[in-house]
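Participant: Before anything else, here's the structure in question.
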Amino acid sequence: MRQVLLFSILLIFGLIGSQYLPILDSVENSAREIIRLLTMASLAFIMIHVGYEFEIDRTRLKSYAVDYGVAATAAGLPWIFVAMYFVFLLNPPSVWWSFDTWKETLLAGRFAAPTSAGVLFSMLAAAGLSATWYFRKTRILAIFDDLDTVLLMIPLKMMIVGLRWQLGVIIITMGALLWLAWKYLHQLKIPVTWPWVVTYAGVITVVSELIYQYSKLLDDIVPIHIEVLLPAFVLGCMLARPADADPHCDDAREGHQEGPECPSEQRVALIVSAIFMVLVGLSMPLIAAGGGGMGWDLLALHVLGVTVVANLGKMFPLFVYRTEAHWKERLAIAIGMWPRGEVGAGVLVVSLSYGIGGDMVTIATLSLALNLLLTGVFIFIVKKLLRGVPAEYQDRNTVIQS
């Protein structure tokens, strides 16, 4: 758990640093832009590795449909709960049924929906859980969770700006990427060592940014923004596993090609994950961004309330997978979905860009920060739960490290 503690400390340092970026005054925007690009590149690196280890059993398509349904529920319920909290507890009854109130609240409340795949996977790997059934199940749920969040952002944007062709381009692109992952799973024979993976991550980030910046020239209200998470994951899924790769790298000196399983590769992945933790913290919006007039005592109460409500919405996995998992594993999956990070922060940035602010965004930002700070606690609870799983469920897992 020392790595989890280290990652938690790095998150805290990054979060503290994010609140001092405005001191840089004239270079603040440049600093935040550099941080955003580095965060996306690091996330792309992590997701390429996740995709590389991902397997699709084509005989179990029905189970994947169930997984997507569970993930969609785990992404939808926190969003609905938080949106209702914002509408009914932060607004007077006279505007409860106003379309404009719901429109803004549904967009801002979406920050509570996505599990941070990059943060979660890095933390679980640091906790020694990457070889377990739990990790495999949580991995697919978190990916589907983020995919569902990106998809639902499209109709929410339509509510704000109306029908735009750019949103259709995003849907078509996402569909094409998913088809590529399905069609060419682990068939793309290109190098998979860390310098190449860093290059792939950089290229994905640059291409995504170029599309974004060019589309802003056409329409700066609704640019085309393809998040790096899905393209990077799809590329990882497509990467072929070299036939001569030694999983333990014992024979690397004899000419065997190294892959992401090698200790040297894993060290680089650990360093990238550590950097990513700092960058995620630095990516958090300003806590004072809302500019509301609520007192700190009431503000703190609302932050706690929104955090609890959002995490309760993630508990749906506890009630499924009854035939394949012990209740402690199911509870661990639900808690493992609690960490938020760069995707939720991105939703808040989008909300601010559309002029949504006030106490609602301040509470959302503080809640996101609180959840981020508690990530290490969540992973500690997950590990404690998994250690208590009966022996008959452990035969499908690698023994959980102490």
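Here, A, B, ... name the chains of the structure tokens in the order displayed, residue numbers run from 1 inside each chain, and ligands are numbered from 1 in the same displayed order.
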Give me, as a list in words, all polymer residues having an atom no more than 12 Å from A:Leu156, counting only C-alpha atoms and skipping those fewer than 4 positions away in the same chain.
Facilitator: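 Once the nearby chain positions are removed, what remains is Trp102, Lys103, Glu104, Thr105, Leu106, Leu107, Ala108, Gly109, Arg110, Thr149, Val150, Leu151, Leu152, Ile160, Val161, Gly162, Leu163, Leu167, Val347, Val350, Ser351 and Tyr354 of chain A.
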Participant: Could you take the residues named above and write them with C-alpha atoms, as a short mmCIF file (atom, residue, chain, number, x, y, z; two decimals), in the first residue's frame?
Facilitator:
data_model
loop_
_atom_site.label_atom_id
_atom_site.label_comp_id
_atom_site.auth_asym_id
_atom_site.auth_seq_id
_atom_site.Cartn_x
_atom_site.Cartn_y
_atom_site.Cartn_z
CA TRP A 102 -32.67 21.86 -15.27
CA LYS A 103 -30.65 22.46 -18.43
CA GLU A 104 -27.75 24.04 -16.56
CA THR A 105 -27.99 21.67 -13.60
CA LEU A 106 -27.97 18.53 -15.73
CA LEU A 107 -24.80 19.69 -17.48
CA ALA A 108 -22.96 20.76 -14.31
CA GLY A 109 -24.13 17.68 -12.39
CA ARG A 110 -22.58 15.39 -14.98
CA THR A 149 -20.36 9.81 -19.84
CA VAL A 150 -18.87 11.04 -23.13
CA LEU A 151 -21.92 9.85 -25.07
CA LEU A 152 -24.38 11.55 -22.72
CA ILE A 160 -27.42 24.21 -24.57
CA VAL A 161 -26.44 24.99 -28.18
CA GLY A 162 -28.95 23.02 -30.28
CA LEU A 163 -28.28 20.50 -33.07
CA LEU A 167 -21.67 16.39 -32.36
CA VAL A 347 -17.15 18.40 -17.40
CA VAL A 350 -17.21 22.68 -20.15
CA SER A 351 -19.92 23.96 -17.78
CA TYR A 354 -21.15 27.86 -21.21
#
Participant: Running DSSP on the backbone, which parts of stretch 337-391 of chain A land in alpha helix (DSSP H), as a ChimeraX atom specification?
Facilitator: /A:342-353,359-373,375-387,391
Participant: So that I have them on file, write out the residues from the current selection with N, CA and C atoms, as a CSV table (one decimal), in the first residue's frame.
Facilitator:
chain,number,residue,atom,x,y,z
A,342,GLU,N,-9.9,13.5,-13.8
A,342,GLU,CA,-9.7,14.4,-15.0
A,342,GLU,C,-11.0,14.5,-15.8
A,343,VAL,N,-11.8,13.4,-16.0
A,343,VAL,CA,-13.0,13.5,-16.8
A,343,VAL,C,-14.1,14.4,-16.1
A,344,GLY,N,-14.2,14.2,-14.8
A,344,GLY,CA,-15.2,15.0,-14.1
A,344,GLY,C,-14.8,16.5,-14.1
A,345,ALA,N,-13.5,16.7,-14.0
A,345,ALA,CA,-12.9,18.1,-14.0
A,345,ALA,C,-13.2,18.7,-15.4
A,346,GLY,N,-13.1,17.9,-16.5
A,346,GLY,CA,-13.4,18.3,-17.8
A,346,GLY,C,-14.8,18.8,-18.0
A,347,VAL,N,-15.7,18.0,-17.3
A,347,VAL,CA,-17.2,18.4,-17.4
A,347,VAL,C,-17.4,19.8,-16.8
A,348,LEU,N,-16.7,20.0,-15.6
A,348,LEU,CA,-16.8,21.3,-15.0
A,348,LEU,C,-16.3,22.5,-15.8
A,349,VAL,N,-15.2,22.2,-16.5
A,349,VAL,CA,-14.6,23.2,-17.4
A,349,VAL,C,-15.6,23.5,-18.5
A,350,VAL,N,-16.2,22.5,-19.1
A,350,VAL,CA,-17.2,22.7,-20.1
A,350,VAL,C,-18.4,23.5,-19.6
A,351,SER,N,-18.8,23.2,-18.4
A,351,SER,CA,-19.9,24.0,-17.8
A,351,SER,C,-19.6,25.4,-17.6
A,352,LEU,N,-18.3,25.7,-17.2
A,352,LEU,CA,-17.9,27.1,-17.0
A,352,LEU,C,-17.9,27.8,-18.4
A,353,SER,N,-17.5,27.1,-19.4
A,353,SER,CA,-17.4,27.7,-20.8
A,353,SER,C,-18.7,28.1,-21.3
A,359,ASP,N,-22.8,29.1,-6.8
A,359,ASP,CA,-22.5,28.1,-5.7
A,359,ASP,C,-22.5,26.7,-6.2
A,360,MET,N,-23.3,26.4,-7.2
A,360,MET,CA,-23.4,25.0,-7.8
A,360,MET,C,-22.0,24.5,-8.2
A,361,VAL,N,-21.3,25.3,-9.0
A,361,VAL,CA,-20.0,24.9,-9.6
A,361,VAL,C,-19.0,24.9,-8.5
A,362,THR,N,-19.1,25.8,-7.5
A,362,THR,CA,-18.1,25.8,-6.4
A,362,THR,C,-18.3,24.5,-5.6
A,363,ILE,N,-19.5,24.1,-5.3
A,363,ILE,CA,-19.8,22.9,-4.6
A,363,ILE,C,-19.3,21.7,-5.4
A,364,ALA,N,-19.6,21.7,-6.7
A,364,ALA,CA,-19.1,20.6,-7.5
A,364,ALA,C,-17.6,20.4,-7.5
A,365,THR,N,-16.9,21.6,-7.6
A,365,THR,CA,-15.5,21.5,-7.6
A,365,THR,C,-14.9,21.0,-6.3
A,366,LEU,N,-15.4,21.5,-5.2
A,366,LEU,CA,-15.0,21.0,-3.9
A,366,LEU,C,-15.3,19.6,-3.7
A,367,SER,N,-16.4,19.1,-4.1
A,367,SER,CA,-16.8,17.7,-4.0
A,367,SER,C,-15.9,16.8,-4.8
A,368,LEU,N,-15.5,17.3,-6.0
A,368,LEU,CA,-14.6,16.6,-6.9
A,368,LEU,C,-13.2,16.5,-6.2
A,369,ALA,N,-12.8,17.6,-5.6
A,369,ALA,CA,-11.5,17.6,-4.9
A,369,ALA,C,-11.5,16.7,-3.7
A,370,LEU,N,-12.6,16.7,-2.9
A,370,LEU,CA,-12.7,15.8,-1.7
A,370,LEU,C,-12.7,14.4,-2.2
A,371,ASN,N,-13.4,14.0,-3.2
A,371,ASN,CA,-13.4,12.6,-3.7
A,371,ASN,C,-12.0,12.2,-4.2
A,372,LEU,N,-11.3,13.1,-4.8
A,372,LEU,CA,-10.0,12.9,-5.3
A,372,LEU,C,-9.0,12.6,-4.1
A,373,LEU,N,-9.2,13.4,-3.1
A,373,LEU,CA,-8.3,13.2,-1.9
A,373,LEU,C,-8.5,11.9,-1.2
A,375,THR,N,-9.3,9.1,-2.6
A,375,THR,CA,-9.1,7.9,-3.5
A,375,THR,C,-8.3,6.8,-2.8
A,376,GLY,N,-7.2,7.2,-2.1
A,376,GLY,CA,-6.4,6.2,-1.4
A,376,GLY,C,-7.2,5.5,-0.3
A,377,VAL,N,-8.1,6.2,0.4
A,377,VAL,CA,-8.9,5.6,1.4
A,377,VAL,C,-9.8,4.5,0.7
A,378,PHE,N,-10.4,4.9,-0.4
A,378,PHE,CA,-11.3,4.0,-1.1
A,378,PHE,C,-10.6,2.7,-1.5
A,379,ILE,N,-9.3,2.8,-2.0
A,379,ILE,CA,-8.6,1.7,-2.5
A,379,ILE,C,-8.2,0.8,-1.2
A,380,PHE,N,-7.9,1.5,-0.1
A,380,PHE,CA,-7.6,0.7,1.1
A,380,PHE,C,-8.8,-0.1,1.5
A,381,ILE,N,-10.0,0.5,1.5
A,381,ILE,CA,-11.2,-0.3,1.8
A,381,ILE,C,-11.4,-1.4,0.9
A,382,VAL,N,-11.2,-1.2,-0.4
A,382,VAL,CA,-11.3,-2.2,-1.4
A,382,VAL,C,-10.4,-3.4,-1.1
A,383,LYS,N,-9.2,-3.1,-0.8
A,383,LYS,CA,-8.2,-4.2,-0.5
A,383,LYS,C,-8.6,-5.0,0.8
A,384,LYS,N,-9.1,-4.3,1.8
A,384,LYS,CA,-9.6,-4.9,3.0
A,384,LYS,C,-10.8,-5.9,2.7
A,385,LEU,N,-11.7,-5.4,1.9
A,385,LEU,CA,-12.8,-6.2,1.5
A,385,LEU,C,-12.4,-7.5,0.7
A,386,LEU,N,-11.5,-7.3,-0.2
A,386,LEU,CA,-11.1,-8.5,-1.0
A,386,LEU,C,-10.3,-9.5,-0.2
A,387,ARG,N,-9.6,-9.0,0.8
A,387,ARG,CA,-8.9,-10.0,1.7
A,387,ARG,C,-9.9,-10.9,2.5
A,391,ALA,N,-12.5,-18.5,0.5
A,391,ALA,CA,-11.5,-19.2,-0.3
A,391,ALA,C,-12.0,-19.7,-1.6
Participant: Show me, as JSON, numbers by chain, the residues that have an atom within 7 Å of stretch 275-281 of chain A when counting only C-alpha atoms, minus same-chain residues fewer than 4 positions from it.
Facilitator: {"A": [7, 10, 11, 12, 13, 14, 15, 18, 35, 39, 42, 119, 271, 341, 342]}
Participant: Please list as a ChimeraX atom specification every residue within 12 Å of stretch 192-204 of chain A, counting only C-alpha atoms and excluding residues in the same chain fewer than 5 positions away.
Facilitator: /A:37-53,186,209-211,226-242,245,256-272
Participant: Find the distance between atom CA of A:Lys137 and atom CA of A:Lys183 and write it in Å to one decimal.
Facilitator: 21.9 Å
